[in-house]
Amino acid sequence: MSRSLHPRIVAAALIAIALGGLVAPAFSAENPAIASRQRAEKKSFTDSEIADGFFRVAFGAEYHLAGRVDRIRKYDRPVRVFAGGVSRPDRKAQLAKVVADIATRIAHLDIAMAKTADDANVVVTLVRDRDLFRTIRSFYGEDRAREIRKSLDPQCLSGFHKNEKFEIEHSDVILTVDTGDFTFLDCAYEELLQALGPINDTSAVPWTMFNDKVSMGFFDVYDQYLLNILYDPRIKAGMTMAEVEAVLPEVLADVRVWVRKVNGLKE
């Protein structure tokens, strides 16, 4: 079993990018910073722009502890999310809305909250900011934690275990609760989505939340394309880039129909 790890590094200056559509994003009416990004969001992309982003985030890993990263990694079973850690009912309620929003926007992914950690394959640990690196140490050990802090200095973190077939079996997400609402939601969306498989970050794509210079706080249209491609049944865990390229045109055609429908986008 191997593990990949992803940190969220919150940019000092937040970039104005956003989403709008038929199905309203979960927090658009509640947070002005999110609403402004939704109004400014780019929603139209060429096939090559979507494919380029997909290959960049679905293969590789920004920080991996073991195992190959040249194959598709994804869950092949229902995903159940449990939130533990510090007692913050407000943050747990926000997290549940994030999970419900993700479920609405990814056509072939069964994802929902779980009542207990035993029922979950994605466990979110909510921590105080002052306890973040103590928690990372408890997950990854002293040496790895020191390396993570030195090289990444994350605001939040996610990682997953995959089996020999590159099927993800379990994910861990660490989120700090005493940041502002925008930062919490920005971290929650990115880390939960990356815990589903696209663990690599890229600075080459300006429209994706999987870019450390981009902060969104919602599930944007571009990343909906990427996650819907990943969870299309024709994209299998363990596929190589060449195998994905062979089926991507037909997958993307169907994904376009879904993303347009769920966001109320024009042809």
# chains A, B, ... in the order shown; residues from 1 in each chain; ligands from 1

$ residues_around --residues "Ile136 in chain A" --least-positions-apart "4" --cutoff "7 Å" --atoms "only C-alpha atoms" --output "PyMOL selection string"
chain A and resi 132+140+145

$ select_by_dssp --residues "range 66-235 of chain A" --states "strand (DSSP E)" --output "PyMOL selection string"
chain A and resi 79-85+111-113+122-127+156-162+168-176

$ write_last_selection --atoms "N, CA, C and O atoms" --output "short mmCIF file (atom, residue, chain, number, x, y, z; two decimals), in the first residue's frame"
data_model
loop_
_atom_site.label_atom_id
_atom_site.label_comp_id
_atom_site.auth_asym_id
_atom_site.auth_seq_id
_atom_site.Cartn_x
_atom_site.Cartn_y
_atom_site.Cartn_z
N VAL A 79 -17.96 6.79 -1.28
CA VAL A 79 -17.08 7.55 -0.38
C VAL A 79 -17.92 8.09 0.78
O VAL A 79 -18.94 8.75 0.55
N ARG A 80 -17.48 7.80 1.98
CA ARG A 80 -18.17 8.27 3.17
C ARG A 80 -17.20 9.09 4.02
O ARG A 80 -16.07 8.64 4.28
N VAL A 81 -17.64 10.27 4.42
CA VAL A 81 -16.78 11.26 5.07
C VAL A 81 -17.21 11.43 6.53
O VAL A 81 -18.41 11.65 6.80
N PHE A 82 -16.25 11.36 7.42
CA PHE A 82 -16.53 11.60 8.84
C PHE A 82 -15.66 12.74 9.34
O PHE A 82 -14.47 12.81 9.02
N ALA A 83 -16.26 13.63 10.12
CA ALA A 83 -15.52 14.76 10.69
C ALA A 83 -15.34 14.53 12.19
O ALA A 83 -16.32 14.40 12.93
N GLY A 84 -14.08 14.49 12.61
CA GLY A 84 -13.75 14.36 14.03
C GLY A 84 -12.82 15.48 14.46
O GLY A 84 -12.63 16.46 13.75
N GLY A 85 -12.24 15.32 15.64
CA GLY A 85 -11.32 16.34 16.13
C GLY A 85 -12.02 17.28 17.09
O GLY A 85 -12.92 16.88 17.85
N ILE A 111 -20.93 10.10 -2.77
CA ILE A 111 -20.23 10.64 -1.62
C ILE A 111 -21.24 11.26 -0.66
O ILE A 111 -22.18 11.94 -1.09
N ALA A 112 -21.06 11.01 0.63
CA ALA A 112 -21.97 11.53 1.65
C ALA A 112 -21.25 11.48 2.99
O ALA A 112 -20.17 10.89 3.13
N MET A 113 -21.84 12.12 3.98
CA MET A 113 -21.29 12.08 5.33
C MET A 113 -21.58 10.72 5.97
O MET A 113 -22.57 10.07 5.66
N VAL A 122 -13.07 8.40 4.29
CA VAL A 122 -12.41 9.70 4.34
C VAL A 122 -12.64 10.27 5.73
O VAL A 122 -13.79 10.52 6.11
N VAL A 123 -11.57 10.44 6.48
CA VAL A 123 -11.69 10.96 7.83
C VAL A 123 -11.08 12.35 7.88
O VAL A 123 -9.90 12.54 7.56
N VAL A 124 -11.89 13.33 8.24
CA VAL A 124 -11.46 14.72 8.36
C VAL A 124 -11.21 15.00 9.84
O VAL A 124 -12.11 14.82 10.67
N THR A 125 -10.01 15.45 10.15
CA THR A 125 -9.66 15.82 11.52
C THR A 125 -9.61 17.34 11.62
O THR A 125 -8.82 17.99 10.94
N LEU A 126 -10.49 17.89 12.45
CA LEU A 126 -10.54 19.33 12.67
C LEU A 126 -9.62 19.68 13.84
O LEU A 126 -9.71 19.07 14.92
N VAL A 127 -8.73 20.64 13.63
CA VAL A 127 -7.74 20.98 14.65
C VAL A 127 -7.65 22.50 14.81
O VAL A 127 -7.98 23.26 13.91
N CYS A 156 -3.46 23.42 5.57
CA CYS A 156 -4.25 22.22 5.78
C CYS A 156 -3.64 21.12 4.92
O CYS A 156 -2.75 21.39 4.12
N LEU A 157 -4.11 19.89 5.04
CA LEU A 157 -3.38 18.78 4.45
C LEU A 157 -4.33 17.63 4.13
O LEU A 157 -5.33 17.42 4.83
N SER A 158 -4.03 16.90 3.06
CA SER A 158 -4.76 15.67 2.78
C SER A 158 -3.81 14.63 2.23
O SER A 158 -2.76 14.95 1.66
N GLY A 159 -4.17 13.38 2.39
CA GLY A 159 -3.38 12.29 1.85
C GLY A 159 -4.24 11.05 1.73
O GLY A 159 -5.32 10.96 2.33
N PHE A 160 -3.79 10.08 0.93
CA PHE A 160 -4.57 8.85 0.82
C PHE A 160 -3.66 7.63 0.68
O PHE A 160 -2.49 7.73 0.29
N HIS A 161 -4.23 6.49 1.04
CA HIS A 161 -3.62 5.18 0.81
C HIS A 161 -4.28 4.55 -0.41
O HIS A 161 -5.50 4.59 -0.55
N LYS A 162 -3.47 3.96 -1.27
CA LYS A 162 -4.02 3.23 -2.41
C LYS A 162 -3.46 1.81 -2.42
O LYS A 162 -2.37 1.56 -1.88
N ILE A 168 -7.99 3.93 -4.38
CA ILE A 168 -7.84 4.57 -3.07
C ILE A 168 -8.70 3.82 -2.07
O ILE A 168 -9.87 3.54 -2.31
N GLU A 169 -8.11 3.50 -0.92
CA GLU A 169 -8.82 2.76 0.11
C GLU A 169 -9.19 3.63 1.31
O GLU A 169 -10.19 3.37 1.98
N HIS A 170 -8.37 4.66 1.56
CA HIS A 170 -8.64 5.52 2.72
C HIS A 170 -7.93 6.86 2.52
O HIS A 170 -6.82 6.91 1.99
N SER A 171 -8.61 7.93 2.94
CA SER A 171 -8.02 9.27 2.87
C SER A 171 -8.12 9.93 4.24
O SER A 171 -9.08 9.72 4.99
N ASP A 172 -7.12 10.76 4.53
CA ASP A 172 -7.12 11.58 5.73
C ASP A 172 -7.00 13.03 5.33
O ASP A 172 -6.17 13.38 4.48
N VAL A 173 -7.81 13.87 5.93
CA VAL A 173 -7.79 15.31 5.69
C VAL A 173 -7.65 16.01 7.03
O VAL A 173 -8.35 15.66 7.99
N ILE A 174 -6.75 16.98 7.11
CA ILE A 174 -6.58 17.78 8.31
C ILE A 174 -6.93 19.22 7.97
O ILE A 174 -6.35 19.81 7.06
N LEU A 175 -7.91 19.79 8.69
CA LEU A 175 -8.35 21.16 8.47
C LEU A 175 -8.26 21.95 9.76
O LEU A 175 -8.68 21.47 10.82
N THR A 176 -7.75 23.18 9.68
CA THR A 176 -7.74 24.05 10.85
C THR A 176 -9.07 24.80 10.93
O THR A 176 -9.60 25.25 9.91
#

$ residues_around --residues "Val221 in chain A" --least-positions-apart "2" --cutoff "7 Å" --atoms "only C-alpha atoms" --output "PyMOL selection string"
chain A and resi 19+43+219+223-225

$ write_last_selection --atoms "all heavy atoms" --output "mmCIF file, in the first residue's frame"
data_model
loop_
_atom_site.group_PDB
_atom_site.id
_atom_site.type_symbol
_atom_site.label_atom_id
_atom_site.label_comp_id
_atom_site.auth_asym_id
_atom_site.auth_seq_id
_atom_site.Cartn_x
_atom_site.Cartn_y
_atom_site.Cartn_z
ATOM 1 N N LEU A 19 -17.667 31.145 -9.578
ATOM 2 C CA LEU A 19 -18.619 30.235 -10.189
ATOM 3 C C LEU A 19 -20.051 30.692 -10.038
ATOM 4 O O LEU A 19 -20.426 31.239 -9.034
ATOM 5 C CB LEU A 19 -18.471 28.856 -9.536
ATOM 6 C CG LEU A 19 -19.597 27.834 -9.710
ATOM 7 C CD1 LEU A 19 -19.596 27.256 -11.110
ATOM 8 C CD2 LEU A 19 -19.474 26.735 -8.700
ATOM 9 N N LYS A 43 -15.832 30.248 -17.410
ATOM 10 C CA LYS A 43 -16.659 29.036 -17.479
ATOM 11 C C LYS A 43 -16.529 28.291 -18.809
ATOM 12 O O LYS A 43 -17.066 27.198 -18.956
ATOM 13 C CB LYS A 43 -18.131 29.396 -17.251
ATOM 14 C CG LYS A 43 -18.419 30.066 -15.918
ATOM 15 C CD LYS A 43 -19.912 30.342 -15.780
ATOM 16 C CE LYS A 43 -20.227 31.060 -14.473
ATOM 17 N NZ LYS A 43 -19.764 32.460 -14.498
ATOM 18 N N PHE A 219 -16.609 25.009 -5.431
ATOM 19 C CA PHE A 219 -16.292 24.001 -6.436
ATOM 20 C C PHE A 219 -16.527 24.618 -7.810
ATOM 21 O O PHE A 219 -17.641 24.656 -8.321
ATOM 22 C CB PHE A 219 -17.185 22.780 -6.217
ATOM 23 C CG PHE A 219 -16.766 21.538 -6.957
ATOM 24 C CD1 PHE A 219 -15.614 21.499 -7.754
ATOM 25 C CD2 PHE A 219 -17.523 20.383 -6.852
ATOM 26 C CE1 PHE A 219 -15.233 20.342 -8.420
ATOM 27 C CE2 PHE A 219 -17.162 19.216 -7.520
ATOM 28 C CZ PHE A 219 -16.019 19.195 -8.298
ATOM 29 N N ASP A 223 -12.799 22.772 -12.319
ATOM 30 C CA ASP A 223 -12.474 21.577 -11.538
ATOM 31 C C ASP A 223 -13.601 20.559 -11.557
ATOM 32 O O ASP A 223 -13.359 19.355 -11.384
ATOM 33 C CB ASP A 223 -12.082 21.964 -10.117
ATOM 34 C CG ASP A 223 -10.731 22.671 -10.083
ATOM 35 O OD1 ASP A 223 -9.804 22.206 -10.767
ATOM 36 O OD2 ASP A 223 -10.611 23.714 -9.403
ATOM 37 N N GLN A 224 -14.823 21.013 -11.804
ATOM 38 C CA GLN A 224 -15.898 20.048 -12.023
ATOM 39 C C GLN A 224 -15.620 19.207 -13.273
ATOM 40 O O GLN A 224 -15.891 18.011 -13.303
ATOM 41 C CB GLN A 224 -17.230 20.771 -12.166
ATOM 42 C CG GLN A 224 -17.766 21.356 -10.864
ATOM 43 C CD GLN A 224 -19.060 22.095 -11.071
ATOM 44 O OE1 GLN A 224 -20.001 21.568 -11.678
ATOM 45 N NE2 GLN A 224 -19.131 23.329 -10.588
ATOM 46 N N TYR A 225 -15.088 19.844 -14.318
ATOM 47 C CA TYR A 225 -14.696 19.074 -15.493
ATOM 48 C C TYR A 225 -13.667 18.000 -15.117
ATOM 49 O O TYR A 225 -13.793 16.834 -15.491
ATOM 50 C CB TYR A 225 -14.105 19.998 -16.566
ATOM 51 C CG TYR A 225 -15.117 20.729 -17.394
ATOM 52 C CD1 TYR A 225 -15.136 22.121 -17.440
ATOM 53 C CD2 TYR A 225 -16.056 20.032 -18.158
ATOM 54 C CE1 TYR A 225 -16.071 22.803 -18.217
ATOM 55 C CE2 TYR A 225 -16.994 20.704 -18.934
ATOM 56 C CZ TYR A 225 -16.992 22.090 -18.947
ATOM 57 O OH TYR A 225 -17.916 22.761 -19.706
#

$ atom_distance --atom1 "CA of Asp186 in chain A" --atom2 "CA of Phe27 in chain A"
11.0 Å

$ closest_residue --among "A:Pro233, A:Thr240, A:Ala204, A:Leu227" --to "Asp52 in chain A" --atoms "only C-alpha atoms"
A:Ala204

$ closest_residue --among "A:Ile235, A:Ala242, A:Ile34, A:Ile106" --to "Trp258 in chain A" --atoms "only C-alpha atoms"
A:Ile106

$ residues_around --residues "Pro206 in chain A" --least-positions-apart "6" --cutoff "10 Å" --atoms "only C-alpha atoms" --output "PyMOL selection string"
chain A and resi 17+53+212-214

$ residues_around --residues "Phe184 in chain A" --least-positions-apart "2" --cutoff "10 Å" --atoms "only C-alpha atoms" --output "list of chain:residue names"
A:Arg91, A:Gln94, A:Leu95, A:Gln155, A:Cys156, A:Leu175, A:Thr176, A:Val177, A:Asp178, A:Thr179, A:Gly180, A:Asp181, A:Phe182, A:Asp186, A:Cys187, A:Ala188, A:Tyr189, A:Gly217

$ atom_distance --atom1 "CA of Gly197 in chain A" --atom2 "CA of Val259 in chain A"
19.2 Å

$ closest_residue --among "A:Pro89, A:Pro249, A:Gly60, A:Pro198" --to "Leu230 in chain A" --atoms "only C-alpha atoms"
A:Pro198

$ closest_residue --among "A:Ile50, A:Val205, A:Ala58, A:Val251" --to "Ala237 in chain A" --atoms "only C-alpha atoms"
A:Ala58

$ select_by_dssp --residues "range 120-263 of chain A" --states "alpha helix (DSSP H)" --output "ChimeraX atom specification"
/A:132-140,142-151,181-194,221-230,241-263

$ write_last_selection --atoms "C-alpha atoms" --output "PDB file, in the first residue's frame"
ATOM      1  CA  LEU A 132      -1.721  21.561  13.258  1.00  0.00           C
ATOM      2  CA  PHE A 133       1.862  20.313  13.272  1.00  0.00           C
ATOM      3  CA  ARG A 134       1.378  18.234  16.393  1.00  0.00           C
ATOM      4  CA  THR A 135      -1.424  16.502  14.498  1.00  0.00           C
ATOM      5  CA  ILE A 136       0.732  16.088  11.395  1.00  0.00           C
ATOM      6  CA  ARG A 137       3.414  14.499  13.599  1.00  0.00           C
ATOM      7  CA  SER A 138       0.870  12.036  14.969  1.00  0.00           C
ATOM      8  CA  PHE A 139      -0.109  11.053  11.405  1.00  0.00           C
ATOM      9  CA  TYR A 140       3.266  10.961   9.673  1.00  0.00           C
ATOM     10  CA  GLU A 142       8.480  13.385  13.544  1.00  0.00           C
ATOM     11  CA  ASP A 143      10.846  13.277  10.571  1.00  0.00           C
ATOM     12  CA  ARG A 144       8.131  13.513   7.905  1.00  0.00           C
ATOM     13  CA  ALA A 145       6.322  16.244   9.819  1.00  0.00           C
ATOM     14  CA  ARG A 146       9.512  18.319  10.009  1.00  0.00           C
ATOM     15  CA  GLU A 147      10.096  17.813   6.284  1.00  0.00           C
ATOM     16  CA  ILE A 148       6.489  18.777   5.465  1.00  0.00           C
ATOM     17  CA  ARG A 149       6.715  21.907   7.566  1.00  0.00           C
ATOM     18  CA  LYS A 150      10.046  22.966   6.095  1.00  0.00           C
ATOM     19  CA  SER A 151       9.195  22.378   2.446  1.00  0.00           C
ATOM     20  CA  ASP A 181     -14.820  31.121   6.820  1.00  0.00           C
ATOM     21  CA  PHE A 182     -13.312  31.732   3.386  1.00  0.00           C
ATOM     22  CA  THR A 183     -10.027  30.011   4.226  1.00  0.00           C
ATOM     23  CA  PHE A 184     -11.788  27.107   5.906  1.00  0.00           C
ATOM     24  CA  LEU A 185     -14.038  26.538   2.893  1.00  0.00           C
ATOM     25  CA  ASP A 186     -11.153  27.004   0.458  1.00  0.00           C
ATOM     26  CA  CYS A 187      -9.210  24.314   2.293  1.00  0.00           C
ATOM     27  CA  ALA A 188     -12.218  22.026   2.726  1.00  0.00           C
ATOM     28  CA  TYR A 189     -13.086  21.952  -0.969  1.00  0.00           C
ATOM     29  CA  GLU A 190      -9.545  21.509  -2.181  1.00  0.00           C
ATOM     30  CA  GLU A 191      -8.453  18.903   0.334  1.00  0.00           C
ATOM     31  CA  LEU A 192     -11.624  16.825   0.030  1.00  0.00           C
ATOM     32  CA  LEU A 193     -11.400  16.869  -3.765  1.00  0.00           C
ATOM     33  CA  GLN A 194      -7.712  16.004  -3.755  1.00  0.00           C
ATOM     34  CA  VAL A 221     -16.625  24.819 -13.175  1.00  0.00           C
ATOM     35  CA  TYR A 222     -13.113  23.998 -14.397  1.00  0.00           C
ATOM     36  CA  ASP A 223     -12.474  21.577 -11.538  1.00  0.00           C
ATOM     37  CA  GLN A 224     -15.898  20.048 -12.023  1.00  0.00           C
ATOM     38  CA  TYR A 225     -14.696  19.074 -15.493  1.00  0.00           C
ATOM     39  CA  LEU A 226     -11.578  17.453 -14.039  1.00  0.00           C
ATOM     40  CA  LEU A 227     -13.370  15.504 -11.299  1.00  0.00           C
ATOM     41  CA  ASN A 228     -16.155  14.367 -13.604  1.00  0.00           C
ATOM     42  CA  ILE A 229     -13.569  13.013 -16.024  1.00  0.00           C
ATOM     43  CA  LEU A 230     -11.811  11.196 -13.187  1.00  0.00           C
ATOM     44  CA  MET A 241      -1.783   8.443 -19.608  1.00  0.00           C
ATOM     45  CA  ALA A 242      -1.955   6.666 -22.967  1.00  0.00           C
ATOM     46  CA  GLU A 243      -4.960   4.639 -21.881  1.00  0.00           C
ATOM     47  CA  VAL A 244      -6.756   7.767 -20.688  1.00  0.00           C
ATOM     48  CA  GLU A 245      -5.950   9.597 -23.925  1.00  0.00           C
ATOM     49  CA  ALA A 246      -7.634   6.805 -25.895  1.00  0.00           C
ATOM     50  CA  VAL A 247     -11.021   7.248 -24.202  1.00  0.00           C
ATOM     51  CA  LEU A 248     -10.866  10.916 -23.214  1.00  0.00           C
ATOM     52  CA  PRO A 249     -12.661  12.399 -26.274  1.00  0.00           C
ATOM     53  CA  GLU A 250     -15.840  10.399 -25.675  1.00  0.00           C
ATOM     54  CA  VAL A 251     -15.629  10.876 -21.894  1.00  0.00           C
ATOM     55  CA  LEU A 252     -15.188  14.625 -22.225  1.00  0.00           C
ATOM     56  CA  ALA A 253     -18.147  14.915 -24.601  1.00  0.00           C
ATOM     57  CA  ASP A 254     -20.427  13.378 -21.967  1.00  0.00           C
ATOM     58  CA  VAL A 255     -18.828  15.363 -19.144  1.00  0.00           C
ATOM     59  CA  ARG A 256     -19.503  18.603 -21.010  1.00  0.00           C
ATOM     60  CA  VAL A 257     -23.217  17.768 -21.149  1.00  0.00           C
ATOM     61  CA  TRP A 258     -23.319  17.108 -17.407  1.00  0.00           C
ATOM     62  CA  VAL A 259     -21.331  20.163 -16.331  1.00  0.00           C
ATOM     63  CA  ARG A 260     -23.422  22.437 -18.555  1.00  0.00           C
ATOM     64  CA  LYS A 261     -26.617  20.979 -17.100  1.00  0.00           C
ATOM     65  CA  VAL A 262     -25.669  21.184 -13.420  1.00  0.00           C
ATOM     66  CA  ASN A 263     -24.403  24.755 -13.791  1.00  0.00           C
TER      67      ASN A 263
END

$ atom_distance --atom1 "CA of Ala114 in chain A" --atom2 "CA of Lys97 in chain A"
13.2 Å

$ closest_residue --among "A:Val57, A:Tyr231, A:Lys236, A:Ser215" --to "Ala33 in chain A" --atoms "only C-alpha atoms"
A:Ser215

$ closest_residue --among "A:Pro78, A:Ala96, A:Phe218, A:Ala51" --to "Ser36 in chain A" --atoms "only C-alpha atoms"
A:Phe218
